[in-house]
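Novice: Pasting entry-v1.cif here (mmCIF, C-alpha atoms):
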```cif
data_target
loop_
_atom_site.label_atom_id
_atom_site.label_comp_id
_atom_site.auth_asym_id
_atom_site.auth_seq_id
_atom_site.Cartn_x
_atom_site.Cartn_y
_atom_site.Cartn_z
CA MET A 1 128.08 62.19 137.66
CA PRO A 2 127.70 61.99 133.88
CA SER A 3 129.80 59.38 132.18
CA LEU A 4 133.02 60.25 130.40
CA LYS A 5 131.51 59.34 127.08
CA SER A 6 128.48 61.57 127.44
CA LEU A 7 130.71 64.49 128.47
CA ARG A 8 132.90 63.94 125.43
CA ILE A 9 129.86 64.00 123.18
CA ARG A 10 128.59 67.22 124.73
CA ILE A 11 131.94 68.94 124.39
CA ASN A 12 132.08 68.04 120.71
CA SER A 13 128.57 69.23 120.08
CA VAL A 14 129.19 72.60 121.76
CA LYS A 15 132.40 72.94 119.77
CA SER A 16 130.61 72.50 116.48
CA THR A 17 127.93 74.98 117.56
CA GLN A 18 130.69 77.44 118.32
CA LYS A 19 132.13 76.96 114.86
CA ILE A 20 128.76 77.75 113.33
CA THR A 21 128.13 80.86 115.40
CA SER A 22 131.59 82.22 114.79
CA ALA A 23 131.18 81.67 111.04
CA MET A 24 127.81 83.44 111.15
CA LYS A 25 129.44 86.32 112.95
CA MET A 26 132.02 86.70 110.20
CA VAL A 27 129.38 86.58 107.50
CA ALA A 28 127.23 89.13 109.31
CA ALA A 29 130.23 91.43 109.70
CA SER A 30 130.97 91.44 106.00
CA LYS A 31 127.31 91.88 105.05
CA LEU A 32 127.07 94.69 107.57
CA ARG A 33 129.87 96.53 105.83
CA ARG A 34 128.07 96.27 102.52
CA ALA A 35 124.73 97.29 103.99
CA GLN A 36 126.33 100.25 105.68
CA SER A 37 127.94 101.51 102.52
CA GLN A 38 124.64 101.13 100.69
CA ALA A 39 122.94 103.21 103.37
CA GLU A 40 125.75 105.72 103.12
CA ALA A 41 125.33 106.00 99.35
CA ALA A 42 121.63 106.74 99.68
CA ARG A 43 122.17 109.70 101.93
CA PRO A 44 122.99 112.46 99.39
CA TYR A 45 119.70 111.95 97.56
CA ALA A 46 117.68 112.01 100.78
CA VAL A 47 119.38 115.18 101.96
CA ARG A 48 118.70 117.04 98.72
CA MET A 49 115.19 115.70 98.56
CA SER A 50 114.32 117.05 101.96
CA ARG A 51 115.85 120.41 101.04
CA MET A 52 113.58 120.58 98.02
CA MET A 53 110.60 119.45 100.06
CA ALA A 54 111.24 122.25 102.53
CA SER A 55 111.21 124.96 99.91
CA LEU A 56 108.23 123.50 98.06
CA GLY A 57 106.11 122.52 101.01
CA ALA A 58 106.37 125.92 102.61
CA SER A 59 104.91 127.59 99.54
CA VAL A 60 101.98 125.18 99.14
CA ALA A 61 101.05 124.12 102.67
CA GLY A 62 98.59 126.96 103.13
CA SER A 63 96.62 126.37 99.96
CA PRO A 64 93.28 124.53 100.20
CA THR A 65 94.06 122.27 97.24
CA ALA A 66 97.29 120.97 98.77
CA PRO A 67 97.64 117.23 98.13
CA LYS A 68 96.44 114.74 100.75
CA LEU A 69 99.90 113.28 101.13
CA LEU A 70 101.05 116.59 102.56
CA VAL A 71 98.13 117.77 104.65
CA GLY A 72 96.33 114.50 105.38
CA THR A 73 92.62 113.84 105.04
CA GLY A 74 91.71 116.18 107.87
CA SER A 75 90.73 113.27 110.08
CA ASP A 76 92.69 110.77 112.17
CA LYS A 77 90.29 107.90 112.56
CA VAL A 78 92.12 105.19 110.65
CA HIS A 79 95.82 104.60 111.20
CA LEU A 80 98.09 102.62 108.93
CA LEU A 81 101.20 101.24 110.60
CA VAL A 82 104.04 100.17 108.38
CA VAL A 83 106.21 97.91 110.55
CA VAL A 84 109.63 97.05 109.18
CA ALA A 85 111.64 94.14 110.62
CA GLY A 86 114.09 91.59 109.25
CA ASP A 87 113.33 88.44 107.31
CA ARG A 88 115.50 86.16 109.37
CA GLY A 89 116.09 85.47 113.02
CA LEU A 90 119.20 84.75 115.07
CA ALA A 91 119.76 88.44 115.59
CA GLY A 92 119.06 88.90 119.27
CA ALA A 93 116.10 91.10 120.10
CA PHE A 94 116.26 93.03 116.84
CA ASN A 95 113.00 91.82 115.30
CA THR A 96 111.15 91.51 118.59
CA ASN A 97 111.89 95.05 119.71
CA VAL A 98 110.56 96.74 116.61
CA SER A 99 107.58 94.42 116.31
CA ARG A 100 106.70 95.02 119.94
CA LEU A 101 106.80 98.78 119.42
CA GLY A 102 104.41 98.29 116.51
CA ARG A 103 102.09 96.18 118.63
CA ASN A 104 102.11 98.61 121.54
CA LEU A 105 101.37 101.47 119.20
CA ALA A 106 98.47 99.56 117.69
CA ARG A 107 97.11 98.73 121.15
CA GLN A 108 97.43 102.32 122.27
CA LEU A 109 95.65 103.66 119.18
CA GLU A 110 92.88 101.14 119.59
CA SER A 111 92.40 102.05 123.21
CA GLU A 112 91.87 105.62 121.97
CA GLY A 113 89.10 104.33 119.76
CA LYS A 114 90.95 104.48 116.45
CA THR A 115 91.02 101.84 113.76
CA VAL A 116 94.40 100.28 113.02
CA LYS A 117 95.63 98.68 109.84
CA ILE A 118 99.05 97.10 109.58
CA LEU A 119 101.39 96.65 106.66
CA ALA A 120 104.11 94.24 107.73
CA ILE A 121 107.45 94.48 105.96
CA GLY A 122 109.79 91.56 106.58
CA ARG A 123 108.81 88.03 107.48
CA LYS A 124 109.57 88.40 111.17
CA ALA A 125 107.31 91.43 111.54
CA ARG A 126 104.47 89.54 109.91
CA ASP A 127 104.99 86.45 112.07
CA TYR A 128 105.10 88.45 115.28
CA LEU A 129 102.09 90.64 114.56
CA ARG A 130 100.05 87.77 113.21
CA ARG A 131 99.97 86.20 116.65
CA GLU A 132 97.89 88.94 118.22
CA LEU A 133 96.78 91.36 115.56
CA ALA A 134 96.15 89.07 112.62
CA THR A 135 92.87 90.75 111.70
CA ARG A 136 94.53 94.16 111.34
CA ILE A 137 97.17 93.07 108.87
CA VAL A 138 96.22 94.33 105.43
CA GLY A 139 99.34 93.24 103.62
CA ASP A 140 102.88 92.03 103.97
CA VAL A 141 106.06 92.21 101.98
CA SER A 142 109.07 90.00 102.44
CA PHE A 143 112.53 90.08 100.95
CA ALA A 144 113.49 86.62 102.15
CA GLY A 145 116.04 84.96 99.93
CA ARG A 146 116.94 88.22 98.18
CA LYS A 147 120.55 89.25 97.85
CA SER A 148 120.10 92.97 98.15
CA ILE A 149 117.42 95.61 98.43
CA GLY A 150 116.96 98.09 95.62
CA PHE A 151 115.13 101.37 95.36
CA ALA A 152 112.49 99.64 93.24
CA ASP A 153 111.43 97.58 96.26
CA ALA A 154 110.85 100.72 98.29
CA GLU A 155 108.97 102.27 95.39
CA GLY A 156 106.65 99.27 95.30
CA ILE A 157 105.79 99.70 98.97
CA ALA A 158 105.36 103.45 98.53
CA GLN A 159 102.92 102.83 95.70
CA THR A 160 100.85 100.60 97.95
CA VAL A 161 100.80 103.29 100.64
CA VAL A 162 99.88 106.05 98.18
CA GLY A 163 97.27 103.89 96.52
CA MET A 164 95.61 103.12 99.84
CA LEU A 165 95.44 106.80 100.69
CA ALA A 166 93.90 107.61 97.32
CA ALA A 167 91.30 104.92 97.98
CA GLY A 168 90.57 106.50 101.36
CA GLU A 169 91.62 103.45 103.33
CA TYR A 170 93.45 105.35 106.07
CA ASP A 171 94.01 108.86 107.41
CA VAL A 172 97.40 108.74 109.07
CA CYS A 173 100.36 106.58 108.18
CA THR A 174 103.21 105.84 110.56
CA LEU A 175 106.40 103.99 109.82
CA VAL A 176 107.86 101.81 112.59
CA TYR A 177 111.44 100.69 112.04
CA ASN A 178 114.78 100.16 113.70
CA ARG A 179 116.87 103.28 113.42
CA PHE A 180 120.51 102.42 112.90
CA GLN A 181 122.42 104.36 115.48
CA SER A 182 125.53 102.25 115.56
CA VAL A 183 126.56 98.67 114.98
CA ILE A 184 125.56 97.76 118.52
CA ALA A 185 122.59 100.10 118.96
CA GLN A 186 119.43 99.96 116.88
CA ILE A 187 116.59 102.02 118.23
CA PRO A 188 112.99 101.13 117.41
CA THR A 189 111.52 104.37 116.13
CA GLU A 190 108.20 105.61 114.84
CA MET A 191 108.03 108.18 112.08
CA ARG A 192 105.01 109.78 110.48
CA LEU A 193 104.75 109.40 106.72
CA VAL A 194 101.29 110.80 105.97
CA PRO A 195 100.56 113.66 106.41
CA ALA A 196 104.17 114.34 105.48
CA PRO A 197 106.06 116.19 108.19
CA LEU A 198 107.78 119.15 106.57
CA PRO A 199 111.46 119.24 107.35
CA GLU A 200 112.18 122.19 109.60
CA GLY A 201 112.99 124.66 106.90
CA THR A 202 115.97 126.79 107.62
CA GLU A 203 115.71 127.76 103.99
CA ALA A 204 112.02 128.48 104.18
CA ALA A 205 112.81 132.16 103.93
CA SER A 206 114.66 131.71 100.66
CA ALA A 207 111.94 129.44 99.29
CA ALA A 208 110.00 132.32 97.84
CA SER A 209 112.85 133.13 95.50
CA TYR A 210 112.58 129.84 93.61
CA GLU A 211 110.71 129.65 90.37
CA PHE A 212 108.87 126.43 89.68
CA GLU A 213 108.38 124.70 86.39
CA PRO A 214 105.71 123.40 86.14
CA ASP A 215 103.70 125.01 88.98
CA GLU A 216 104.20 124.06 92.64
CA GLU A 217 101.24 121.74 92.89
CA THR A 218 102.07 119.56 89.89
CA MET A 219 105.57 119.41 91.21
CA LEU A 220 104.49 118.48 94.69
CA ALA A 221 102.21 115.78 93.35
CA ARG A 222 105.34 114.12 91.91
CA LEU A 223 107.70 114.96 94.70
CA LEU A 224 105.60 113.63 97.59
CA PRO A 225 105.32 110.00 96.45
CA GLN A 226 109.01 110.06 95.62
CA ASN A 227 109.77 111.44 99.06
CA LEU A 228 107.68 108.69 100.60
CA ALA A 229 109.61 106.09 98.64
CA ILE A 230 112.86 107.60 99.84
CA GLN A 231 111.80 107.48 103.49
CA ILE A 232 110.81 103.85 103.08
CA TYR A 233 114.01 103.07 101.21
CA ARG A 234 115.99 104.58 104.04
CA ALA A 235 114.09 102.55 106.61
CA LEU A 236 114.71 99.38 104.60
CA LEU A 237 118.42 100.08 104.36
CA GLU A 238 118.73 100.96 108.02
CA THR A 239 116.84 97.81 108.94
CA ASN A 240 119.16 95.83 106.71
CA ALA A 241 122.29 97.32 108.27
CA GLY A 242 120.84 97.10 111.77
CA PHE A 243 119.90 93.49 111.27
CA PHE A 244 123.43 92.47 110.43
CA GLY A 245 124.82 94.60 113.23
CA SER A 246 122.49 92.94 115.67
CA GLN A 247 123.20 89.51 114.27
CA MET A 248 126.90 90.10 114.56
CA THR A 249 126.56 91.09 118.22
CA ALA A 250 124.27 88.16 118.97
CA MET A 251 126.61 85.69 117.31
CA ASP A 252 129.60 87.17 119.07
CA ASN A 253 127.87 86.58 122.40
CA ALA A 254 126.89 83.08 121.39
CA THR A 255 130.47 82.27 120.41
CA ARG A 256 131.73 83.56 123.73
CA ASN A 257 129.12 81.63 125.70
CA ALA A 258 130.00 78.47 123.83
CA GLY A 259 133.65 79.07 124.74
CA ASP A 260 132.76 79.36 128.44
CA MET A 261 130.68 76.24 128.25
CA ILE A 262 133.46 74.26 126.60
CA LYS A 263 135.84 75.33 129.33
CA ARG A 264 133.45 74.21 132.05
CA LEU A 265 132.66 70.91 130.40
CA THR A 266 136.33 70.20 129.79
CA GLN A 267 137.06 70.81 133.45
CA ASN A 268 134.29 68.41 134.47
CA TYR A 269 135.56 65.88 131.99
CA ASN A 270 139.10 66.04 133.36
CA ARG A 271 137.85 65.78 136.92
CA ALA A 272 135.81 62.72 136.12
CA ARG A 273 138.71 61.15 134.31
CA GLN A 274 141.05 61.74 137.25
CA ALA A 275 138.49 60.39 139.72
CA ASN A 276 138.28 57.25 137.62
CA ILE A 277 142.03 56.81 137.63
CA THR A 278 142.27 57.37 141.38
CA ARG A 279 139.51 54.85 141.99
CA GLU A 280 141.20 52.26 139.83
CA LEU A 281 144.51 52.82 141.63
CA ILE A 282 142.85 52.37 145.02
CA GLU A 283 141.28 49.16 143.79
CA ILE A 284 144.60 47.82 142.57
CA ILE A 285 146.48 48.78 145.70
CA SER A 286 143.89 47.45 148.09
CA GLY A 287 143.74 44.27 145.99
CA ALA A 288 147.53 43.89 146.24
CA GLU A 289 147.46 44.44 149.98
CA ALA A 290 144.82 41.81 150.48
CA VAL A 291 146.94 39.13 148.91
CA MET B 292 133.14 130.48 85.97
CA PRO B 293 131.73 126.97 85.72
CA VAL B 294 128.51 125.63 87.21
CA GLU B 295 128.69 122.84 89.77
CA LEU B 296 126.68 119.87 88.52
CA GLU B 297 125.56 117.06 90.79
CA ILE B 298 123.57 114.06 89.62
CA VAL B 299 122.19 111.87 92.40
CA SER B 300 120.07 108.75 92.19
CA PRO B 301 118.40 107.19 95.23
CA GLU B 302 121.09 104.55 95.19
CA LYS B 303 124.16 106.74 94.92
CA LEU B 304 125.84 110.00 94.01
CA LEU B 305 126.51 109.53 90.31
CA LEU B 306 128.43 112.57 89.29
CA SER B 307 129.69 115.74 90.87
CA ARG B 308 131.87 118.13 88.93
CA PRO B 309 131.97 121.62 87.43
CA VAL B 310 130.80 122.00 83.82
CA GLU B 311 130.47 124.93 81.46
CA MET B 312 126.83 124.40 80.65
CA VAL B 313 124.29 121.68 81.22
CA VAL B 314 121.14 120.98 79.19
CA LEU B 315 118.28 119.43 81.15
CA PRO B 316 115.22 117.67 79.73
CA ALA B 317 112.81 119.88 81.66
CA TYR B 318 109.10 119.21 81.78
CA GLU B 319 108.23 121.98 79.38
CA GLY B 320 111.15 121.56 77.01
CA GLU B 321 114.90 121.39 77.04
CA MET B 322 116.57 123.89 79.27
CA GLY B 323 120.19 125.03 79.12
CA VAL B 324 121.72 126.16 82.37
CA LEU B 325 124.71 128.46 82.49
CA PRO B 326 126.33 129.87 85.62
CA GLY B 327 124.26 132.62 87.19
CA HIS B 328 120.90 131.10 86.30
CA SER B 329 118.02 132.34 88.41
CA PRO B 330 116.95 129.90 91.16
CA MET B 331 114.48 127.31 89.89
CA ILE B 332 113.06 123.93 90.77
CA VAL B 333 112.08 121.96 87.69
CA LEU B 334 110.46 118.65 87.01
CA LEU B 335 112.33 116.46 84.51
CA ARG B 336 110.78 114.20 81.96
CA GLY B 337 112.70 111.29 80.52
CA GLY B 338 115.52 112.44 78.27
CA MET B 339 119.17 113.26 77.91
CA ILE B 340 121.23 115.44 80.19
CA ARG B 341 124.04 117.00 78.14
CA LEU B 342 127.22 118.28 79.71
CA TYR B 343 128.99 120.98 77.71
CA GLU B 344 132.65 121.69 78.09
CA GLY B 345 134.70 123.83 75.75
CA GLY B 346 131.65 124.59 73.62
CA ALA B 347 130.88 120.96 72.78
CA VAL B 348 128.91 118.10 74.30
CA LYS B 349 131.35 116.29 76.55
CA GLU B 350 129.09 113.71 78.08
CA GLN B 351 125.47 112.57 77.90
CA LEU B 352 123.34 110.74 80.40
CA TYR B 353 119.88 109.33 80.03
CA VAL B 354 117.52 110.05 82.94
CA SER B 355 114.13 108.41 83.23
CA GLY B 356 112.71 111.35 85.16
CA GLY B 357 113.25 113.29 88.35
CA PHE B 358 113.76 116.79 89.65
CA ALA B 359 116.40 119.45 89.37
CA GLU B 360 117.25 122.32 91.64
CA VAL B 361 118.98 125.21 89.94
CA THR B 362 120.76 127.99 91.77
CA PRO B 363 123.23 130.53 90.35
CA GLU B 364 126.22 128.38 91.33
CA ARG B 365 124.84 124.88 91.32
CA VAL B 366 122.62 122.38 89.53
CA THR B 367 121.42 119.38 91.51
CA VAL B 368 119.67 116.67 89.56
CA LEU B 369 117.65 114.14 91.53
CA ALA B 370 117.29 111.44 88.93
CA THR B 371 115.04 108.45 89.42
CA GLU B 372 117.52 106.59 87.28
CA ALA B 373 120.50 107.78 85.27
CA ILE B 374 122.52 105.84 82.72
CA PRO B 375 125.52 107.04 80.70
CA SER B 376 124.47 107.28 77.04
CA GLY B 377 126.78 104.49 75.92
CA GLU B 378 125.18 101.97 78.26
CA VAL B 379 121.52 102.55 77.49
CA SER B 380 119.90 99.35 76.29
CA LYS B 381 117.49 99.58 73.41
CA ALA B 382 115.81 96.31 74.31
CA GLU B 383 115.13 97.55 77.83
CA GLY B 384 113.70 100.78 76.42
CA GLU B 385 111.38 98.89 74.11
CA ARG B 386 110.27 96.61 76.90
CA ARG B 387 109.43 99.63 79.06
CA MET B 388 107.71 101.27 76.13
CA ALA B 389 105.44 98.27 75.74
CA ALA B 390 104.75 98.15 79.48
CA ALA B 391 104.01 101.90 79.59
CA GLU B 392 101.64 101.69 76.64
CA ALA B 393 99.82 98.81 78.28
CA ASP B 394 99.55 100.90 81.45
CA TYR B 395 98.18 103.78 79.47
CA ASP B 396 95.54 101.59 77.87
CA ALA B 397 94.61 100.17 81.25
CA ALA B 398 94.47 103.58 82.94
CA ASP B 399 91.15 105.20 83.73
CA LYS B 400 90.68 107.72 80.91
CA ALA B 401 88.66 110.02 83.14
CA ASP B 402 91.37 110.31 85.77
CA VAL B 403 93.67 113.00 84.40
CA THR B 404 96.45 112.64 86.96
CA SER B 405 96.96 108.94 86.36
CA LEU B 406 96.83 109.53 82.60
CA ASP B 407 99.54 112.16 83.01
CA VAL B 408 101.72 109.71 84.86
CA ALA B 409 101.18 107.05 82.18
CA MET B 410 101.97 109.60 79.45
CA ASP B 411 105.21 110.53 81.20
CA LYS B 412 106.20 106.89 81.36
CA ILE B 413 105.66 106.49 77.63
CA GLN B 414 107.69 109.61 76.94
CA SER B 415 110.45 108.46 79.21
CA ALA B 416 110.56 105.05 77.52
CA ARG B 417 110.60 106.66 74.07
CA ALA B 418 113.52 108.83 75.11
CA MET B 419 115.32 105.70 76.26
CA VAL B 420 114.83 104.01 72.90
CA ASP B 421 116.01 107.16 71.13
CA ALA B 422 119.02 107.39 73.39
CA ALA B 423 120.04 103.85 72.54
CA ALA B 424 119.57 104.30 68.81
#
```
For this file, produce the structure as structure tokens.

Specialist:
Amino acid sequence: MPSLKSLRIRINSVKSTQKITSAMKMVAASKLRRAQSQAEAARPYAVRMSRMMASLGASVAGSPTAPKLLVGTGSDKVHLLVVVAGDRGLAGAFNTNVSRLGRNLARQLESEGKTVKILAIGRKARDYLRRELATRIVGDVSFAGRKSIGFADAEGIAQTVVGMLAAGEYDVCTLVYNRFQSVIAQIPTEMRLVPAPLPEGTEAASAASYEFEPDEETMLARLLPQNLAIQIYRALLETNAGFFGSQMTAMDNATRNAGDMIKRLTQNYNRARQANITRELIEIISGAEAV
Amino acid sequence: MPVELEIVSPEKLLLSRPVEMVVLPAYEGEMGVLPGHSPMIVLLRGGMIRLYEGGAVKEQLYVSGGFAEVTPERVTVLATEAIPSGEVSKAEGERRMAAAEADYDAADKADVTSLDVAMDKIQSARAMVDAAA
């Protein structure tokens, strides 16, 4: 039976842990709201961008001079995986899930005899992948210590991806990130970036009626990198929102667990205290009787 | 009948309202769009978007580049960056100008596409300085 003092110390320590986790939960909740509204605000641009892509892509896809970003290099030997996870932990399985999907994908591609290169976005993705696939990592980006993510950050990553394609360093590029389905559900997802999947064009039929200035190809050469940046931006924002959602859930659980633990410890403490009192009483009474 | 104008940046929807006419800094020169314009997709260089109402310029915005989709009823501008004319900073424009010129000097003169991009950046920065002046 642990002593009364040691129980008291444990109860106090669990209580202060509970205070920390519940504060973290509050902070995550308010950051989640901000991240969600940022993701919300980015949607109109993405929607219109994909509409434009649909009408442009349809008219150029067939041509032999179509840019590499759209049609690929014609080979699929070298794969670039862009794995996006958070920069911080204490968010349940959020970082692990997406990193594991990235690792499994890399393993699977390698078992098919392909070469894999990895671009790790977020400190946790880099740390996880470095354990097993360190030699495949060609670069990493981290936003640790940053207040918010801007479009410029996504543009920077997109430039890296485009530059690597131009240099012939990979054939197919896949983005692995946590899709934000709801506050409690983030789904690790893979999405192909290069060659760019054309959005299913409901407006493909009307595409022919557009005039382009300048011509389609010049246009596409500008639009594709921008589209890439937008996809990455979206993934960054969804990761950001998902991270806080996941952290909030994890901290909520931790707070509840701490509560349960405090209850149990308090009960033990009271029992021990009462046992002590009873024992002392017996000692006094039996002492009195002996006299 | 007015034309519905929407200006969106990657970060947010900046403006959405009907105007009488809008002038876009299109790639091959300024382009005025009135209702009933034939459907077009245009590339924008850096410059001013002018909103006309009642026959006069009502509002101006600087865009650093982007795309615009024109249909008979609607103009959608996908701006990389858009700033109301009053808030454009001359210092920022000059800083970008210097950076763009350095880029241009550093660019491979044989590679036409990268030169084009560098040229566009210079133009866009110049338009920003002009807008602030």

Novice: On this file, the PyMOL selection byres ((chain B) within 7 of (chain A)) gives some set of residues; write that set as a list in words.

Specialist: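 On this input, the PyMOL selection byres ((chain B) within 7 of (chain A)) captures Val299, Ser300, Pro301, Glu302, Lys303, Leu304, Tyr318, Pro330, Met331, Ile332, Val333, Leu334 and Leu369 of chain B.
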
Novice: Can you work out the spacing between CA of Val83 in chain A and CA of Tyr128 in chain A in Å, to one decimal?

Specialist: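 Distance reported for this atom pair: 10.6 Å.
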
Novice: Give the answer as one residue: which of B:Glu392, B:Asp411, B:Glu344, B:Asp421 has the shortest atom-to-atom distance to Val314 in chain B, using all atoms listed in the file?

Specialist: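 Under the stated criterion, the closest residue is B:Glu344.
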
Novice: Identify, on the basis of all atoms listed in the file, every residue whose closest approach to range 244-259 of chain A does not exceed 6 Å; exclude the query and any residue fewer than 3 positions from it along the same chain; express the result as an MDAnalysis selection string.

Specialist: chainID A and resid 18 21:22 25 28 32 91:92 183 241 262

Novice: Deliver the residues from the most recent selection as a file, using C-alpha atoms, as a PDB file, in the frame of the given file.

Specialist:
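File produced: again27.pdb:
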```pdb
ATOM      1  CA  GLN A  18     130.690  77.440 118.320  1.00  0.00           C
ATOM      2  CA  THR A  21     128.130  80.860 115.400  1.00  0.00           C
ATOM      3  CA  SER A  22     131.590  82.220 114.790  1.00  0.00           C
ATOM      4  CA  LYS A  25     129.440  86.320 112.950  1.00  0.00           C
ATOM      5  CA  ALA A  28     127.230  89.130 109.310  1.00  0.00           C
ATOM      6  CA  LEU A  32     127.070  94.690 107.570  1.00  0.00           C
ATOM      7  CA  ALA A  91     119.760  88.440 115.590  1.00  0.00           C
ATOM      8  CA  GLY A  92     119.060  88.900 119.270  1.00  0.00           C
ATOM      9  CA  VAL A 183     126.560  98.670 114.980  1.00  0.00           C
ATOM     10  CA  ALA A 241     122.290  97.320 108.270  1.00  0.00           C
ATOM     11  CA  ILE A 262     133.460  74.260 126.600  1.00  0.00           C
TER      12      ILE A 262
END
```

Novice: Selected by the PyMOL selection byres ((chain A and resi 77) around 10) in the shown coordinates: which residues, as a PyMOL selection string?

Specialist: chain A and resi 73-76+78-79+109+112-116+170-172

Novice: Name the residues that the PyMOL selection byres ((chain A and resi 263-273) around 8) picks from the file above, as an mmCIF file with C-alpha atoms, keeping the file's coordinate frame, using the file's chain letters and numbers.

Specialist:
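Writing the result to part-v4.cif gives the following:
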```
data_model
loop_
_atom_site.group_PDB
_atom_site.id
_atom_site.type_symbol
_atom_site.label_atom_id
_atom_site.label_comp_id
_atom_site.auth_asym_id
_atom_site.auth_seq_id
_atom_site.Cartn_x
_atom_site.Cartn_y
_atom_site.Cartn_z
ATOM 1 C CA MET A 1 128.080 62.190 137.660
ATOM 2 C CA SER A 3 129.800 59.380 132.180
ATOM 3 C CA LEU A 4 133.020 60.250 130.400
ATOM 4 C CA LEU A 7 130.710 64.490 128.470
ATOM 5 C CA ARG A 8 132.900 63.940 125.430
ATOM 6 C CA ARG A 10 128.590 67.220 124.730
ATOM 7 C CA ILE A 11 131.940 68.940 124.390
ATOM 8 C CA GLY A 259 133.650 79.070 124.740
ATOM 9 C CA ASP A 260 132.760 79.360 128.440
ATOM 10 C CA MET A 261 130.680 76.240 128.250
ATOM 11 C CA ILE A 262 133.460 74.260 126.600
ATOM 12 C CA GLN A 274 141.050 61.740 137.250
ATOM 13 C CA ALA A 275 138.490 60.390 139.720
ATOM 14 C CA ASN A 276 138.280 57.250 137.620
ATOM 15 C CA ILE A 277 142.030 56.810 137.630
#
```

Novice: Record the distance separating CA of Glu238 in chain A and CA of Phe143 in chain A, expressed in Å with one decimal.

Specialist: 14.4 Å

Novice: Compile the contact shell of Arg136 in chain A as a list in words: residues with an atom at most 9 Å away, counting all atoms listed in the file, same-chain residues fewer than 5 positions apart removed.

Specialist: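 These residues fall inside the cut-off: Thr115, Val116, Lys117, Ile118, Leu119, Leu129 and Arg130 of chain A.
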
Novice: For Gly345 in chain B, list every protein, DNA or RNA residue within 10 Å, evaluated using all atoms listed in the file, and leave out those in the same chain fewer than 5 positions away; present the list as a PyMOL selection string.

Specialist: chain B and resi 310-312

Novice: Grab the CA of Leu296 in chain B to CA of Pro309 in chain B distance for me, in Å with one decimal place.

Specialist: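 Those two atoms sit 5.7 Å apart.
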
Novice: Using all atoms listed in the file, determine which residues lie at most 7 Å from Thr174 in chain A, disregarding the query and same-chain residues fewer than 3 positions distant; provide the list as an NGL selection string.

Specialist: :A and (80-82 or 190-193)

Novice: Please provide as a PyMOL selection string all residues within 12 Å of Leu306 in chain B, with the sequence filter that same-chain residues fewer than 5 positions apart are discarded (counting all atoms listed in the file).

Specialist: (chain A and resi 44) or (chain B and resi 295-300+340+342+350-352+366-370+373-375)

Novice: Given the choices A:Gly163, A:Pro197, A:Gly122, A:Gly57, which gets closest to Ile149 in chain A if the distance is worked out from only C-alpha atoms?

Specialist: A:Gly122

Novice: So, with only C-alpha atoms as the atoms that count, which of B:Val403, B:Ala418, B:Leu335, B:Met292 lies closest to Glu364 in chain B?

Specialist: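 Closest residue, counting only C-alpha atoms: B:Met292.
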